[in-house]
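Engineer: Below you'll find the structure I mean.
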Amino acid sequence: MKLTVLGKSPAWQDAGGACSGYLVEDGDTSVVIDCGNGVFSKLRMFRDYVDVDAVVLSHLHADHMLDLVPFAYALTYAPRQQPVPVHKWPGTDDPARPQLHAPPGARDTFRRLAGTWGPEDLIENAFELREYEESDELEIGSLRVSFQSVPHFVETYAMRISTTNGGGKLVYGADCSPTEALARFAADSDLLLVEATLPRPERTGDRGHLTPREAGEHGRAAHVGRLVLTHISDELDSDWARDEAADAFGAKVEVAAEGAVYEV
Ligand SMILES: [Zn+2]
Ligand SMILES: [Zn+2]
């Protein structure tokens with residue numbers, strides 16, 4: 001499978017960047033993991049949005065789901081999605097309606113979000129929405145997605161993504177504070193995409209994120225093949241982050257960059 005980084009910023013975008021979003025492609029199957037602000041524009045550079053089979057969200061923070069709004073508008077109002085000919089588009093009886101897998105409570109959250117300015121069913125009409133449970137295993141084309149609850153400020157799930165085509169195993173840690181659950185879940189995966197948000201641990205004591213060194217420690221505990229840091233601002237020194245993580249991991253570490261592609 002192929003992983004393309006669409007956005008790697010934390011809760012505010014890098015200059016010219018996007019918040020969390022990753023495109024996973026395997027043969028004809030394509031899945032968008034998280035869809036933060038700025039991600040829809042980046043997605044359009046790599047894959048036609050009507051060809052996306054599913055969007056899977058790790059949690060319902062703004063930086064992981066806000067671009068469902070422009071995505072939903074495109075699916076609703078794009079000329080080629082209409083039943084009648086519009087401009088150069090012939091009209092269709094079968095408009096694209098990707099699956100949307102989101103944590104429990106997502107339907108209510110999306111209704112409150114869209115309902116602040118218009119019809120509250122914007123997102124659930126555009127996508128085939130389903131709230132997953134931790135024990136679910138999604139089958140999306142040739143991809144399989146399973147979940148692990150991780151500690152964060154809201155209900156959040158790491159994801160393990162594999163393929164029926166014999167490819168490798170990818171784990172996305174979502175946003176999380178230090179946790180043995182992630183190391184167990186990611187054990188022996190080929191690539192761990194792990195957040196490294198903080199220059200130092202939270203000062204309030206209420207933890208929700210990792211430092212680059214802690215990210216490296218999780219990679220080491222899980223014995224992963226490759227470690228890629230993400231959810232890190234361009235206002236932090238990426239060389240410093242990479243070195244901190246590599247020291248703890250005991251091997252080379254990469255820092256995610258938008259447009260970077262990883263074969264897993
Ligand atoms: Zn985040
Ligand atoms: Zn978050």
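By convention here, the chains of the structure tokens are called A, B, ... in the order presented, each chain's residues are numbered starting at 1, and ligands are numbered starting at 1 in the order presented.
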Please find the residues contacting ligand 2 at a distance of at most 12 Å between atoms, with only C-alpha atoms and all ligand atoms counted, and report them as number ranges by chain.

Structural biologist: A: 9-12, 19-20, 34, 36, 57-65, 150-158, 173-177, 195, 197, 207-210, 231

Engineer: Within 12 Å of Gly259 in chain A, counting only C-alpha atoms, which residues qualify if same-chain residues fewer than 4 places away don't, as a list of chain:residue names?

Structural biologist: A:Lys2, A:Leu3, A:Thr4, A:Val5, A:Leu6, A:Gly7, A:Lys8, A:Gly17, A:Ala18, A:Gly21, A:Tyr22, A:Leu23, A:Val39, A:Lys42, A:Leu43, A:Arg44, A:Met45, A:Phe46

Engineer: Excluding same-chain residues fewer than 5 positions from Ala106 in chain A, what lies within 10 Å of it counting only C-alpha atoms, as a PyMOL selection string?

Structural biologist: chain A and resi 57+59-60+101+111-112+124+129-132

Engineer: Using only C-alpha atoms and all ligand atoms, which residue out of A:Val224, A:Val261, A:Leu182, A:Leu66 lies closest to ligand 1?

Structural biologist: A:Leu66

Engineer: Taking only C-alpha atoms and all ligand atoms into account, name the residue in A:Leu198, A:Leu113, A:Leu100, A:Val86 that is nearest to ligand 1.

Structural biologist: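 For ligand 1, the nearest of the given residues is A:Leu198.
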
Engineer: Pick out the residues sitting within 10 Å of Asp53 in chain A, and hand them over as a VMD selection string; count only C-alpha atoms, and ignore anything fewer than 3 positions along from it in its own chain.

Structural biologist: chain A and resid 25 28 to 32 49 to 50 96 to 100 140 to 141

Engineer: Put those residues in a file: C-alpha atoms, as an mmCIF file, in the first residue's frame.

Structural biologist:
```cif
data_model
loop_
_atom_site.group_PDB
_atom_site.id
_atom_site.type_symbol
_atom_site.label_atom_id
_atom_site.label_comp_id
_atom_site.auth_asym_id
_atom_site.auth_seq_id
_atom_site.Cartn_x
_atom_site.Cartn_y
_atom_site.Cartn_z
ATOM 1 C CA GLU A 25 -3.978 3.700 -1.551
ATOM 2 C CA ASP A 28 -7.988 0.582 -6.748
ATOM 3 C CA THR A 29 -8.797 1.236 -3.086
ATOM 4 C CA SER A 30 -8.259 4.671 -1.585
ATOM 5 C CA VAL A 31 -8.946 5.789 1.951
ATOM 6 C CA VAL A 32 -8.423 9.168 3.583
ATOM 7 C CA TYR A 49 -12.226 13.039 -4.481
ATOM 8 C CA VAL A 50 -15.073 11.128 -6.161
ATOM 9 C CA ALA A 96 -20.148 9.445 -5.456
ATOM 10 C CA ARG A 97 -21.005 8.942 -1.788
ATOM 11 C CA PRO A 98 -17.881 7.761 0.065
ATOM 12 C CA GLN A 99 -18.111 5.903 3.337
ATOM 13 C CA LEU A 100 -17.359 7.961 6.426
ATOM 14 C CA ILE A 140 -12.675 -1.264 2.492
ATOM 15 C CA GLY A 141 -11.695 -2.790 -0.848
#
```

Engineer: Pick out each residue of range 32-177 of chain A that DSSP on the backbone tags as helix (DSSP H, G or I); I need them as a ChimeraX atom specification.

Structural biologist: /A:39-46,49-51,62-65,68-77,79-81,106-115,122-126

Engineer: Name the residues in contact with His223 in chain A at a cut-off of 8 Å, using only C-alpha atoms, excluding same-chain residues fewer than 3 positions from it; report them as an mmCIF file with N, CA and C atoms, in the first residue's frame.

Structural biologist:
```
data_model
loop_
_atom_site.group_PDB
_atom_site.id
_atom_site.type_symbol
_atom_site.label_atom_id
_atom_site.label_comp_id
_atom_site.auth_asym_id
_atom_site.auth_seq_id
_atom_site.Cartn_x
_atom_site.Cartn_y
_atom_site.Cartn_z
ATOM 1 N N ALA A 187 2.913 -3.173 17.680
ATOM 2 C CA ALA A 187 4.021 -4.126 17.748
ATOM 3 C C ALA A 187 4.358 -4.718 16.386
ATOM 4 N N ASP A 188 5.630 -4.625 16.034
ATOM 5 C CA ASP A 188 6.173 -5.228 14.817
ATOM 6 C C ASP A 188 5.532 -4.703 13.526
ATOM 7 N N SER A 189 4.941 -3.518 13.577
ATOM 8 C CA SER A 189 4.406 -2.967 12.326
ATOM 9 C C SER A 189 5.563 -2.469 11.460
ATOM 10 N N GLY A 219 8.141 3.956 19.450
ATOM 11 C CA GLY A 219 8.611 3.183 18.300
ATOM 12 C C GLY A 219 9.534 2.059 18.727
ATOM 13 N N ARG A 220 10.405 2.364 19.694
ATOM 14 C CA ARG A 220 11.354 1.357 20.181
ATOM 15 C C ARG A 220 10.617 0.225 20.890
#
```

Engineer: Would you return as a ChimeraX atom specification the members of range 12-216 of chain A that DSSP assigns to strand (DSSP E) on this structure's backbone?

Structural biologist: /A:21-26,29-35,54-56,99-102,128-131,137-140,143-150,156-163,170-172,191-195

Engineer: Mind dumping the selected residues with C-alpha atoms as a PDB file, in the first residue's frame?

Structural biologist:
```pdb
ATOM      1  CA  GLY A  21      -4.776  13.998   6.708  1.00  0.00           C
ATOM      2  CA  TYR A  22      -3.266  10.924   5.028  1.00  0.00           C
ATOM      3  CA  LEU A  23      -4.154   9.176   1.799  1.00  0.00           C
ATOM      4  CA  VAL A  24      -3.753   5.393   1.830  1.00  0.00           C
ATOM      5  CA  GLU A  25      -3.978   3.700  -1.551  1.00  0.00           C
ATOM      6  CA  ASP A  26      -3.808   0.023  -2.410  1.00  0.00           C
ATOM      7  CA  THR A  29      -8.797   1.236  -3.086  1.00  0.00           C
ATOM      8  CA  SER A  30      -8.259   4.671  -1.585  1.00  0.00           C
ATOM      9  CA  VAL A  31      -8.946   5.789   1.951  1.00  0.00           C
ATOM     10  CA  VAL A  32      -8.423   9.168   3.583  1.00  0.00           C
ATOM     11  CA  ILE A  33      -7.346   8.914   7.219  1.00  0.00           C
ATOM     12  CA  ASP A  34      -8.408  12.081   9.075  1.00  0.00           C
ATOM     13  CA  CYS A  35      -9.578  15.172   7.235  1.00  0.00           C
ATOM     14  CA  ALA A  54     -13.831   5.989   2.537  1.00  0.00           C
ATOM     15  CA  VAL A  55     -12.781   8.576   5.072  1.00  0.00           C
ATOM     16  CA  VAL A  56     -11.856   7.229   8.521  1.00  0.00           C
ATOM     17  CA  GLN A  99     -18.111   5.903   3.337  1.00  0.00           C
ATOM     18  CA  LEU A 100     -17.359   7.961   6.426  1.00  0.00           C
ATOM     19  CA  HIS A 101     -16.261   5.982   9.489  1.00  0.00           C
ATOM     20  CA  ALA A 102     -16.114   8.069  12.629  1.00  0.00           C
ATOM     21  CA  GLU A 128     -22.403   7.160   4.021  1.00  0.00           C
ATOM     22  CA  LEU A 129     -21.820   7.778   7.712  1.00  0.00           C
ATOM     23  CA  ARG A 130     -21.187   5.006  10.181  1.00  0.00           C
ATOM     24  CA  GLU A 131     -19.983   5.293  13.770  1.00  0.00           C
ATOM     25  CA  GLU A 137     -12.571  -4.270  11.675  1.00  0.00           C
ATOM     26  CA  LEU A 138     -13.388  -2.318   8.545  1.00  0.00           C
ATOM     27  CA  GLU A 139     -13.094  -3.938   5.130  1.00  0.00           C
ATOM     28  CA  ILE A 140     -12.675  -1.264   2.492  1.00  0.00           C
ATOM     29  CA  LEU A 143      -7.676  -2.556   2.965  1.00  0.00           C
ATOM     30  CA  ARG A 144      -8.427  -3.611   6.540  1.00  0.00           C
ATOM     31  CA  VAL A 145      -8.622  -1.095   9.364  1.00  0.00           C
ATOM     32  CA  SER A 146      -8.740  -1.925  13.068  1.00  0.00           C
ATOM     33  CA  PHE A 147      -8.786   0.368  16.089  1.00  0.00           C
ATOM     34  CA  GLN A 148      -7.192   0.901  19.483  1.00  0.00           C
ATOM     35  CA  SER A 149      -8.403   3.460  22.007  1.00  0.00           C
ATOM     36  CA  VAL A 150      -5.606   5.831  23.042  1.00  0.00           C
ATOM     37  CA  THR A 156      -9.576   8.834  20.184  1.00  0.00           C
ATOM     38  CA  TYR A 157      -8.552   5.755  18.216  1.00  0.00           C
ATOM     39  CA  ALA A 158      -5.242   4.709  16.730  1.00  0.00           C
ATOM     40  CA  MET A 159      -5.591   2.647  13.538  1.00  0.00           C
ATOM     41  CA  ARG A 160      -3.827  -0.356  12.134  1.00  0.00           C
ATOM     42  CA  ILE A 161      -4.100  -0.630   8.363  1.00  0.00           C
ATOM     43  CA  SER A 162      -3.190  -3.723   6.388  1.00  0.00           C
ATOM     44  CA  THR A 163      -3.934  -5.066   2.945  1.00  0.00           C
ATOM     45  CA  LEU A 170       0.845   0.568   8.886  1.00  0.00           C
ATOM     46  CA  VAL A 171      -0.107   1.988  12.274  1.00  0.00           C
ATOM     47  CA  TYR A 172      -1.288   5.548  12.792  1.00  0.00           C
ATOM     48  CA  LEU A 191       5.679   1.776   9.706  1.00  0.00           C
ATOM     49  CA  LEU A 192       4.426   3.722  12.717  1.00  0.00           C
ATOM     50  CA  LEU A 193       3.143   7.213  12.016  1.00  0.00           C
ATOM     51  CA  VAL A 194       3.286   8.818  15.441  1.00  0.00           C
ATOM     52  CA  GLU A 195       2.543  12.286  16.708  1.00  0.00           C
TER      53      GLU A 195
END
```

Engineer: Report as a list of chain:residue names all protein, DNA and RNA residues lying within 9 Å of Phe249 in chain A, evaluated on only C-alpha atoms, omitting residues in the same chain fewer than 3 positions from it.

Structural biologist: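 Near Phe249 in chain A, the qualifying residues are A:Arg213, A:Ala215, A:Gly216, A:Glu217, A:His218, A:Gly219, A:Arg220, A:Ala221, A:His223, A:Leu227, A:Glu244, A:Ala245, A:Ala246, A:Lys252, A:Val253.
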
Engineer: Restricting the calculation to only C-alpha atoms and all ligand atoms, which member of A:Glu258, A:Glu235, A:Asn37, A:Glu134 is positioned closest to ligand 1?

Structural biologist: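 With only C-alpha atoms and all ligand atoms as the atom set, the closest residue is A:Asn37.
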
Engineer: Nearest residue to Val69 in chain A out of A:Leu229, A:Ala126, A:Ala15, A:Ala196, using only C-alpha atoms?

Structural biologist: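 Smallest distance to Val69 in chain A is found for A:Ala126.
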
Engineer: Out of A:Thr76, A:Thr230, A:Ser238, A:Asn125, which residue has the shortest atom-to-atom distance to ligand 1 when counting only C-alpha atoms and all ligand atoms?

Structural biologist: A:Thr230

Engineer: Between A:Ile232, A:Asp51, A:Arg184, A:Tyr262, which is the closest to ligand 1 once you count only C-alpha atoms and all ligand atoms?

Structural biologist: A:Ile232
